[in-house]
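Q: Below is my_file.cif; it holds mmCIF, C-alpha atoms.
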```cif
data_input
loop_
_atom_site.label_atom_id
_atom_site.label_comp_id
_atom_site.auth_asym_id
_atom_site.auth_seq_id
_atom_site.Cartn_x
_atom_site.Cartn_y
_atom_site.Cartn_z
CA MET A 79 -33.13 -9.44 -114.21
CA ASN A 80 -34.20 -11.71 -111.37
CA ILE A 81 -37.09 -10.29 -109.41
CA VAL A 82 -37.40 -11.29 -105.78
CA GLN A 83 -40.54 -13.25 -104.88
CA GLU A 84 -40.49 -16.03 -102.31
CA GLY A 85 -39.84 -19.33 -104.04
CA VAL A 86 -40.22 -17.77 -107.46
CA GLY A 87 -37.38 -17.13 -109.84
CA VAL A 88 -34.18 -18.85 -110.89
CA GLN A 89 -32.96 -21.34 -108.28
CA GLY A 90 -29.41 -22.64 -108.29
CA ASP A 91 -26.45 -21.55 -110.39
CA GLN A 92 -27.17 -18.00 -111.62
CA ILE A 93 -24.16 -17.96 -113.92
CA LYS A 94 -25.30 -21.13 -115.67
CA PHE A 95 -28.73 -19.57 -116.07
CA ALA A 96 -27.20 -16.50 -117.67
CA GLN A 97 -25.21 -18.74 -120.00
CA TYR A 98 -28.13 -21.00 -120.95
CA GLY A 99 -31.12 -18.70 -120.54
CA HIS A 100 -31.87 -18.84 -124.27
CA LEU A 101 -32.24 -22.63 -124.06
CA ALA A 102 -34.48 -22.31 -120.99
CA THR A 103 -36.79 -19.91 -122.83
CA ARG A 104 -37.16 -22.22 -125.82
CA PHE A 105 -37.60 -25.20 -123.48
CA LEU A 106 -40.58 -23.51 -121.82
CA GLU A 107 -42.14 -22.68 -125.19
CA LEU A 108 -41.93 -26.27 -126.39
CA LEU A 109 -43.27 -27.55 -123.07
CA ARG A 110 -46.33 -25.37 -123.60
CA ASP A 111 -46.65 -26.35 -127.25
CA GLY A 112 -46.62 -29.98 -126.14
CA LEU A 113 -49.84 -29.40 -124.21
CA HIS A 114 -51.80 -27.28 -126.66
CA GLY A 115 -49.95 -27.11 -129.96
CA PRO A 116 -48.19 -23.99 -131.25
CA MET A 117 -49.34 -20.76 -129.59
CA GLN A 118 -51.63 -18.63 -131.71
CA GLU A 119 -49.93 -15.30 -132.23
CA GLU A 120 -51.40 -12.10 -133.54
CA THR A 121 -50.41 -11.43 -137.11
CA GLN A 122 -50.28 -8.27 -139.15
CA PRO A 123 -51.38 -8.06 -142.76
CA GLU A 124 -48.55 -8.30 -145.24
CA MET A 125 -47.72 -5.00 -146.89
CA ASP A 126 -45.89 -4.01 -150.03
CA ASP A 127 -45.59 -0.34 -149.02
CA ASP A 128 -44.24 1.02 -145.76
CA HIS A 129 -45.15 4.54 -144.63
CA ILE A 130 -42.35 5.23 -142.14
CA VAL A 131 -39.54 7.66 -142.91
CA GLY A 132 -36.39 7.76 -140.81
CA ARG A 133 -33.53 10.22 -140.39
CA TYR A 134 -31.04 11.54 -137.83
CA ILE A 135 -30.94 14.45 -135.39
CA TYR A 136 -28.31 15.61 -132.91
CA VAL A 137 -29.28 15.79 -129.23
CA ASN A 138 -27.34 16.43 -126.03
CA PRO A 139 -28.96 14.44 -123.22
CA PRO A 140 -27.50 14.19 -119.70
CA VAL A 141 -25.20 11.23 -118.93
CA TRP A 142 -24.85 10.22 -122.59
CA GLY A 143 -23.78 13.59 -123.96
CA ARG A 144 -24.06 14.77 -127.56
CA THR A 145 -25.42 11.95 -129.71
CA LYS A 146 -26.49 11.38 -133.29
CA VAL A 147 -29.92 9.84 -132.72
CA PHE A 148 -32.12 8.04 -135.22
CA TYR A 149 -35.85 8.72 -135.32
CA GLU A 150 -38.77 7.64 -137.46
CA LYS A 151 -41.97 9.42 -138.41
CA SER A 152 -45.31 8.46 -139.93
CA GLY A 153 -48.84 9.85 -140.26
CA ASN A 154 -50.08 13.40 -140.54
CA GLY A 155 -52.84 13.63 -137.97
CA LYS A 156 -53.38 16.37 -135.41
CA GLU A 157 -52.21 14.51 -132.31
CA GLU A 158 -48.47 14.14 -131.86
CA LEU A 159 -47.26 10.87 -130.37
CA LEU A 160 -43.73 9.97 -129.33
CA PHE A 161 -43.01 6.26 -128.84
CA CYS A 162 -40.20 4.97 -126.60
CA HIS A 163 -38.81 1.44 -126.98
CA THR A 164 -38.18 -1.17 -124.28
CA ALA A 165 -34.82 -2.09 -122.71
CA GLY A 166 -32.15 -3.10 -125.20
CA SER A 167 -34.48 -2.69 -128.17
CA ASP A 168 -35.18 0.01 -130.75
CA SER A 169 -38.10 1.83 -132.35
CA ARG A 170 -38.86 -0.92 -134.87
CA GLN A 171 -41.11 -2.22 -132.09
CA TYR A 172 -43.65 0.40 -133.19
CA HIS A 173 -43.73 -0.30 -136.92
CA GLY A 174 -47.09 -2.02 -136.62
CA VAL A 175 -48.91 0.91 -135.06
CA MET A 176 -46.97 3.45 -137.13
CA ASN A 177 -48.24 1.81 -140.33
CA ASP A 178 -51.84 1.55 -139.13
CA PRO A 179 -54.04 3.70 -141.44
CA ARG A 180 -56.34 4.70 -138.56
CA MET A 181 -53.43 5.93 -136.48
CA MET A 182 -51.78 7.65 -139.44
CA GLU A 183 -54.94 9.62 -140.09
CA LYS A 184 -55.40 10.79 -136.50
CA CYS A 185 -51.80 11.14 -135.34
CA THR A 186 -48.36 12.21 -136.37
CA MET A 187 -46.17 9.53 -134.82
CA TYR A 188 -42.51 9.64 -133.91
CA ALA A 189 -40.22 7.00 -132.42
CA PHE A 190 -36.51 7.17 -131.69
CA ASP A 191 -33.68 4.86 -130.73
CA LEU A 192 -31.94 5.67 -127.47
CA PRO A 193 -28.21 6.46 -127.68
CA ALA A 194 -26.20 3.27 -128.34
CA HIS A 195 -29.40 1.41 -129.27
CA GLY A 196 -30.62 0.29 -132.68
CA ARG A 197 -29.49 2.73 -135.33
CA SER A 198 -28.45 5.54 -132.95
CA PHE A 199 -24.79 6.22 -132.28
CA PRO A 200 -23.21 6.01 -128.82
CA GLY A 201 -23.15 9.32 -126.96
CA GLN A 202 -20.06 11.47 -126.55
CA HIS A 203 -19.58 10.22 -122.98
CA TYR A 204 -20.02 6.56 -123.87
CA VAL A 205 -17.43 4.25 -122.32
CA PRO A 206 -17.31 0.79 -123.94
CA GLY A 207 -18.41 -1.84 -121.44
CA ASN A 208 -19.97 0.72 -119.14
CA HIS A 209 -23.47 1.21 -120.52
CA THR A 210 -25.93 2.63 -118.06
CA ASN A 211 -29.34 4.25 -118.08
CA THR A 212 -30.94 6.39 -115.41
CA GLU A 213 -34.18 8.29 -115.00
CA ASP A 214 -32.37 11.55 -115.70
CA SER A 215 -30.65 10.26 -118.82
CA TYR A 216 -33.81 8.75 -120.28
CA VAL A 217 -36.13 11.64 -119.39
CA GLY A 218 -33.45 14.05 -120.57
CA CYS A 219 -33.19 12.28 -123.92
CA ILE A 220 -36.97 12.44 -124.44
CA LYS A 221 -36.86 16.15 -123.62
CA GLU A 222 -34.04 16.69 -126.13
CA VAL A 223 -35.88 14.80 -128.89
CA ILE A 224 -39.08 16.79 -128.30
CA LYS A 225 -37.07 20.00 -128.51
CA ALA A 226 -35.07 19.00 -131.59
CA LEU A 227 -38.19 17.89 -133.49
CA LYS A 228 -40.10 21.00 -132.34
CA LEU A 229 -43.02 18.91 -131.12
CA ASN A 230 -45.96 20.65 -129.47
CA LYS A 231 -46.65 18.87 -126.18
CA PRO A 232 -46.76 15.33 -127.63
CA ILE A 233 -48.13 12.31 -125.81
CA VAL A 234 -45.18 10.13 -124.77
CA CYS A 235 -45.89 6.39 -124.91
CA GLY A 236 -43.79 3.43 -123.81
CA ALA A 237 -43.93 -0.05 -122.32
CA SER A 238 -41.95 -1.77 -119.57
CA MET A 239 -38.77 0.27 -118.99
CA ALA A 240 -40.29 2.96 -121.20
CA GLY A 241 -43.55 2.61 -119.27
CA GLN A 242 -41.61 3.39 -116.12
CA VAL A 243 -40.06 6.45 -117.70
CA CYS A 244 -43.51 7.63 -118.83
CA VAL A 245 -44.46 7.94 -115.16
CA SER A 246 -41.39 10.13 -114.67
CA VAL A 247 -42.28 12.13 -117.77
CA ALA A 248 -45.76 12.70 -116.33
CA ILE A 249 -44.29 14.00 -113.07
CA ARG A 250 -41.80 16.18 -114.95
CA ALA A 251 -44.15 17.11 -117.82
CA GLU A 252 -43.49 20.83 -117.84
CA GLU A 253 -39.72 20.31 -117.85
CA VAL A 254 -39.90 17.72 -120.65
CA GLY A 255 -42.51 19.48 -122.77
CA ALA A 256 -44.91 16.54 -122.77
CA GLY A 257 -48.66 16.97 -123.08
CA GLY A 258 -49.50 13.51 -121.81
CA THR A 259 -48.17 10.01 -121.29
CA ILE A 260 -49.30 6.44 -121.92
CA PRO A 261 -47.30 4.35 -119.43
CA LEU A 262 -47.78 0.69 -120.35
CA GLN A 263 -46.68 -1.83 -117.69
CA GLY A 264 -45.28 1.00 -115.62
CA CYS A 265 -45.56 1.60 -111.90
CA ASP A 266 -43.94 3.75 -109.27
CA TYR A 267 -41.53 1.25 -107.77
CA LEU A 268 -39.96 -2.12 -108.60
CA THR A 269 -38.04 -4.55 -106.41
CA MET A 270 -35.56 -5.44 -109.11
CA ASP A 271 -31.90 -5.98 -108.55
CA ARG A 272 -29.58 -4.60 -111.22
CA GLN A 273 -27.56 -7.56 -112.41
CA PHE A 274 -24.24 -7.30 -114.10
CA HIS A 275 -24.08 -10.26 -116.47
CA ASP A 276 -23.40 -7.74 -119.25
CA LYS A 277 -19.98 -7.25 -117.65
CA SER A 278 -19.36 -10.92 -116.91
CA PRO A 279 -16.44 -12.46 -118.82
CA VAL A 280 -18.05 -15.90 -118.51
CA VAL A 281 -21.41 -14.84 -119.92
CA ASN A 282 -20.43 -12.57 -122.77
CA MET B 115 -38.84 -24.28 -98.66
CA PRO B 116 -42.43 -25.44 -98.03
CA VAL B 117 -44.52 -26.84 -100.84
CA ALA B 118 -46.80 -24.19 -102.26
CA ASN B 119 -50.42 -25.34 -102.09
CA GLY B 120 -53.68 -23.85 -103.29
CA ALA B 121 -55.51 -21.14 -101.43
CA ASN B 122 -57.72 -23.63 -99.57
CA GLY B 123 -54.75 -25.61 -98.30
CA ALA B 124 -55.28 -28.54 -100.67
CA THR B 125 -52.45 -29.64 -102.91
CA HIS B 126 -52.65 -27.72 -106.17
CA SER B 127 -52.79 -29.83 -109.32
CA TRP B 128 -49.74 -27.97 -110.63
CA THR B 129 -47.59 -28.70 -107.55
CA SER B 130 -45.89 -31.48 -109.49
CA LEU B 131 -44.89 -30.25 -112.92
CA PRO B 132 -43.87 -33.74 -114.15
CA GLN B 133 -47.47 -34.84 -113.47
CA ALA B 134 -49.19 -31.69 -114.72
CA LEU B 135 -47.09 -31.68 -117.90
CA GLU B 136 -47.05 -35.45 -118.38
CA THR B 137 -48.49 -35.46 -121.89
CA SER B 138 -46.05 -32.79 -123.04
CA VAL B 139 -43.03 -34.36 -121.36
CA ALA B 140 -43.74 -37.68 -123.10
CA GLY B 141 -43.06 -36.19 -126.51
CA LEU B 142 -40.62 -33.48 -125.51
CA ASN B 143 -37.37 -35.23 -126.42
CA LYS B 144 -38.65 -35.81 -129.94
CA ALA B 145 -39.97 -32.24 -130.16
CA LEU B 146 -36.65 -30.74 -129.08
CA ASN B 147 -34.67 -32.86 -131.51
CA ALA B 148 -36.98 -31.76 -134.33
CA ASP B 149 -37.05 -28.09 -133.38
CA SER B 150 -34.84 -25.90 -135.58
CA TRP B 151 -34.49 -23.22 -132.88
CA TRP B 152 -33.40 -25.69 -130.23
CA GLN B 153 -31.01 -27.41 -132.61
CA ALA B 154 -29.49 -24.07 -133.60
CA PHE B 155 -28.78 -23.42 -129.92
CA VAL B 156 -27.37 -26.84 -128.99
CA ASP B 157 -25.57 -27.81 -132.20
CA THR B 158 -22.41 -25.89 -131.44
CA LYS B 159 -18.86 -26.65 -130.38
CA ALA B 160 -19.22 -23.82 -127.86
CA ILE B 161 -21.08 -26.19 -125.52
CA ILE B 162 -18.09 -27.88 -123.97
CA GLU B 163 -19.61 -29.54 -120.91
CA PRO B 164 -22.97 -31.08 -119.97
CA ILE B 165 -25.64 -28.79 -118.55
CA THR B 166 -28.88 -29.76 -116.82
CA PHE B 167 -31.69 -27.38 -116.04
CA GLY B 168 -35.36 -27.72 -115.29
CA VAL B 169 -38.68 -26.27 -114.24
CA GLN B 170 -40.34 -26.88 -110.91
CA SER B 171 -43.09 -25.63 -108.66
CA ALA B 172 -41.75 -23.76 -105.64
CA GLY B 173 -40.85 -26.20 -102.89
CA SER B 174 -41.74 -29.27 -104.95
CA SER B 175 -39.47 -32.32 -104.83
CA ASP B 176 -39.72 -33.05 -108.52
CA ALA B 177 -38.98 -31.19 -111.71
CA VAL B 178 -38.99 -31.56 -115.47
CA LEU B 179 -35.32 -31.71 -116.44
CA VAL B 180 -33.39 -31.42 -119.65
CA SER B 181 -29.72 -32.21 -120.14
CA VAL B 182 -27.63 -31.01 -123.05
CA SER B 183 -24.25 -32.52 -123.82
CA PRO B 184 -21.57 -31.71 -126.39
CA GLY B 185 -22.50 -33.07 -129.79
CA ALA B 186 -26.05 -31.64 -129.73
CA LYS B 187 -27.31 -34.39 -127.44
CA THR B 188 -30.57 -33.64 -125.62
CA ASN B 189 -32.16 -35.77 -122.93
CA VAL B 190 -35.44 -34.99 -121.16
CA SER B 191 -36.18 -36.58 -117.79
CA THR B 192 -37.96 -35.96 -114.51
CA GLY B 193 -36.39 -36.00 -111.08
CA PRO B 194 -35.34 -33.95 -108.08
CA PRO B 195 -34.40 -30.30 -108.69
CA SER B 196 -31.05 -31.05 -107.05
CA LYS B 197 -29.99 -32.80 -110.26
CA ALA B 198 -30.18 -29.51 -112.13
CA ASP B 199 -27.59 -26.77 -112.34
CA PHE B 200 -30.53 -24.37 -112.13
CA THR B 201 -34.31 -24.48 -112.20
CA LEU B 202 -37.00 -21.98 -113.07
CA ALA B 203 -39.38 -21.99 -110.11
CA ALA B 204 -42.85 -20.51 -109.70
CA ARG B 205 -45.91 -21.23 -107.61
CA PRO B 206 -48.37 -23.85 -108.92
CA GLU B 207 -51.10 -21.35 -109.71
CA GLN B 208 -48.58 -19.25 -111.66
CA TRP B 209 -47.49 -22.24 -113.75
CA GLU B 210 -51.14 -23.07 -114.40
CA LYS B 211 -51.62 -19.63 -115.92
CA PHE B 212 -48.29 -19.79 -117.79
CA PHE B 213 -49.11 -23.16 -119.39
CA ALA B 214 -52.70 -22.25 -120.27
CA LYS B 215 -53.75 -22.72 -123.89
CA ASP B 216 -54.17 -19.00 -124.35
CA PRO B 217 -51.97 -17.43 -121.65
CA LYS B 218 -52.80 -13.85 -120.75
CA ALA B 219 -50.15 -11.17 -120.43
CA PRO B 220 -47.88 -11.14 -118.53
CA TYR B 221 -47.96 -14.95 -118.18
CA THR B 222 -46.67 -15.35 -121.72
CA SER B 223 -43.09 -15.25 -120.46
CA PHE B 224 -41.18 -16.28 -117.35
CA VAL B 225 -40.02 -12.70 -116.79
CA GLY B 226 -43.61 -11.52 -117.02
CA LEU B 227 -44.68 -14.14 -114.54
CA GLN B 228 -42.11 -12.84 -112.07
CA VAL B 229 -43.02 -9.20 -112.59
CA ARG B 230 -46.75 -9.69 -112.20
CA GLU B 231 -47.11 -9.90 -108.47
CA THR B 232 -44.56 -7.28 -107.60
CA ARG B 233 -46.40 -4.75 -109.70
CA LEU B 234 -49.85 -5.63 -108.45
CA LYS B 235 -48.77 -5.10 -104.87
CA LYS B 236 -47.36 -1.71 -105.65
CA LEU B 237 -50.20 -0.57 -107.86
CA ALA B 238 -52.69 -1.40 -105.12
CA ALA B 239 -51.05 1.27 -103.02
CA GLY B 240 -52.38 3.86 -105.45
CA THR B 241 -50.29 4.88 -108.40
CA CYS B 242 -50.90 7.53 -110.97
CA LEU B 243 -51.31 5.33 -114.06
CA ALA B 244 -51.86 7.91 -116.71
CA PHE B 245 -51.59 11.60 -117.00
CA ARG B 246 -52.88 14.19 -119.39
CA SER B 247 -52.22 17.83 -118.86
CA SER B 248 -54.56 20.53 -120.03
CA THR B 249 -53.20 21.76 -123.30
#
```
Please express what this file holds, its structure, as structure tokens.
A:
Amino acid sequence: MNIVQEGVGVQGDQIKFAQYGHLATRFLELLRDGLHGPMQEETQPEMDDDHIVGRYIYVNPPVWGRTKVFYEKSGNGKEELLFCHTAGSDSRQYHGVMNDPRMMEKCTMYAFDLPAHGRSFPGQHYVPGNHTNTEDSYVGCIKEVIKALKLNKPIVCGASMAGQVCVSVAIRAEEVGAGGTIPLQGCDYLTMDRQFHDKSPVVN
Amino acid sequence: MPVANGANGATHSWTSLPQALETSVAGLNKALNADSWWQAFVDTKAIIEPITFGVQSAGSSDAVLVSVSPGAKTNVSTGPPSKADFTLAARPEQWEKFFAKDPKAPYTSFVGLQVRETRLKKLAAGTCLAFRSST
């Protein structure tokens, strides 16, 4: 992703950037560490017991088609929450909040991996090398998961790409069966170009 | 591309990254050679030709550069952006926030830095941020 701002972004050979982006990221981190020392990161208490239980369901979302999807659940509170992961990731992103005793008391939390992500299988219509995601496919998958798990108007929460889709879920709440959304880092419009390095034979 | 200055027209102290990052750049070669992550990336036969990349302020004539050559060789330098295959460019005030001791989201990553302004512009137009239906 290279977002267009004047003078801001990757200048020069975009293919080389795609090939060496991992080095560039680490280079920036060490440049910053050189000024201030290692960055202080938030830590979570070490645990010996984990409270999350995972299993599979079958859903039939648009674009992807019938898929064996992995989901996780924790807590037994009144409020139902459904977490959606960011681009290219999976629902392990939410293990911190899903193990939080305060959240487990107040909420029943669910999180799932999109088709062809994490522990979910590719959908029936999956074509190797041709992964795509659209508003309809993502919103449709959330709708299917809510239906399959028999959730009662859950709050749908996500960040970044999933924050964007939460805005769509809000607009299409009745269709999806959502009772609310928490769109983190989401907005109505982005000037991002879809790049195709995932299909490049010199990058992958 | 014109040099990006501060809001009052004066040259921003982060216009030259080699100067603003001088203390870090001085020890960077040693830090990279001692860093297990960096070494895991560069110590590979898959790097078959030299690569140079860098970071620069938008429109600036100098950059912090790093070159990697086959055999896990790393060399940090400063110089014109034209010496690099690619550079990561941002405005001085953005780099200042990115390289702060305790950077605030989204300045914790280069992608976040790029996203920031685009989103602010759009959100200012009035976006429904959150929604809760009556249940």
Q: Any idea which chain A residues end up within 9 Å of chain B if we count only C-alpha atoms, as a short mmCIF file (atom, residue, chain, number, x, y, z; two decimals) with C-alpha atoms, keeping the file's coordinate frame please?
A:
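File selection04.cif, as written:
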```
data_model
loop_
_atom_site.label_atom_id
_atom_site.label_comp_id
_atom_site.auth_asym_id
_atom_site.auth_seq_id
_atom_site.Cartn_x
_atom_site.Cartn_y
_atom_site.Cartn_z
CA MET A 79 -33.13 -9.44 -114.21
CA ASN A 80 -34.20 -11.71 -111.37
CA ILE A 81 -37.09 -10.29 -109.41
CA VAL A 82 -37.40 -11.29 -105.78
CA GLN A 83 -40.54 -13.25 -104.88
CA GLU A 84 -40.49 -16.03 -102.31
CA GLY A 85 -39.84 -19.33 -104.04
CA VAL A 86 -40.22 -17.77 -107.46
CA GLY A 87 -37.38 -17.13 -109.84
CA VAL A 88 -34.18 -18.85 -110.89
CA GLN A 89 -32.96 -21.34 -108.28
CA GLY A 90 -29.41 -22.64 -108.29
CA ASP A 91 -26.45 -21.55 -110.39
CA GLN A 92 -27.17 -18.00 -111.62
CA LYS A 94 -25.30 -21.13 -115.67
CA PHE A 95 -28.73 -19.57 -116.07
CA TYR A 98 -28.13 -21.00 -120.95
CA HIS A 100 -31.87 -18.84 -124.27
CA LEU A 101 -32.24 -22.63 -124.06
CA ALA A 102 -34.48 -22.31 -120.99
CA THR A 103 -36.79 -19.91 -122.83
CA ARG A 104 -37.16 -22.22 -125.82
CA PHE A 105 -37.60 -25.20 -123.48
CA LEU A 106 -40.58 -23.51 -121.82
CA GLU A 107 -42.14 -22.68 -125.19
CA LEU A 108 -41.93 -26.27 -126.39
CA LEU A 109 -43.27 -27.55 -123.07
CA ARG A 110 -46.33 -25.37 -123.60
CA ASP A 111 -46.65 -26.35 -127.25
CA GLY A 112 -46.62 -29.98 -126.14
CA LEU A 113 -49.84 -29.40 -124.21
CA HIS A 114 -51.80 -27.28 -126.66
CA GLY A 115 -49.95 -27.11 -129.96
CA MET A 117 -49.34 -20.76 -129.59
CA GLN A 118 -51.63 -18.63 -131.71
CA LYS A 231 -46.65 18.87 -126.18
CA ILE A 233 -48.13 12.31 -125.81
CA CYS A 244 -43.51 7.63 -118.83
CA VAL A 245 -44.46 7.94 -115.16
CA ALA A 248 -45.76 12.70 -116.33
CA ILE A 249 -44.29 14.00 -113.07
CA ALA A 251 -44.15 17.11 -117.82
CA ALA A 256 -44.91 16.54 -122.77
CA GLY A 257 -48.66 16.97 -123.08
CA GLY A 258 -49.50 13.51 -121.81
CA THR A 259 -48.17 10.01 -121.29
CA ILE A 260 -49.30 6.44 -121.92
CA PRO A 261 -47.30 4.35 -119.43
CA LEU A 262 -47.78 0.69 -120.35
CA GLN A 263 -46.68 -1.83 -117.69
CA GLY A 264 -45.28 1.00 -115.62
CA CYS A 265 -45.56 1.60 -111.90
CA ASP A 266 -43.94 3.75 -109.27
CA TYR A 267 -41.53 1.25 -107.77
CA LEU A 268 -39.96 -2.12 -108.60
CA THR A 269 -38.04 -4.55 -106.41
#
```
Q: Given the point (-37.4, 8.3, -120.7) in the coordinates of this file, which residues lie within 8 Å, counting only C-alpha atoms, and how would they look as a VMD selection string?
A: chain A and resid 162 213 to 220 240 242 to 244 246 to 247
Q: I need the residue set behind the PyMOL selection byres ((chain A and resi 191) around 6) for this file; please write it as a list of chain:residue names.
A: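 Evaluating the PyMOL selection byres ((chain A and resi 191) around 6) on this file yields A:Phe148, A:Asp168, A:Ser169, A:Phe190, A:Leu192, A:His195, A:Gly196, A:Ser198.
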Q: If you measure from CA of Val205 (chain A) to CA of Ala226 (chain A), what distance in Å do you get, rounded to one decimal?
A: 24.8 Å
Q: Report as a ChimeraX atom specification the residues that result from applying the PyMOL selection byres ((chain A and resi 194) around 12) to the structure here.
A: /A:142-148,165-168,190-193,195-211
Q: For CA of Ser278 (chain A) and CA of Ile162 (chain B), quote the distance in Å rounded to one decimal.
A: 18.4 Å
Q: CA of Arg250 (chain A) and CA of Gly174 (chain A), how far apart in Å?
A: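 Separation of CA of Gly174 (chain A) and CA of Arg250 (chain A): 28.8 Å.
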Q: Region 166-175 of chain B, all listed atoms, 3 Å padding on each side: what axis-aligned box centre and edge lengths in Å to one decimal come out, as AutoDock Vina command-line options?
A:
```
--center_x -36.0 --center_y -28.0 --center_z -109.9 --size_x 20.2 --size_y 14.6 --size_z 19.9
```
Q: List the spatial neighbours of Gly185 (chain B) as a PyMOL selection string - criterion: any atom at most 8 Å away, only C-alpha atoms, same-chain residues fewer than 5 positions off excluded.
A: chain B and resi 156-159
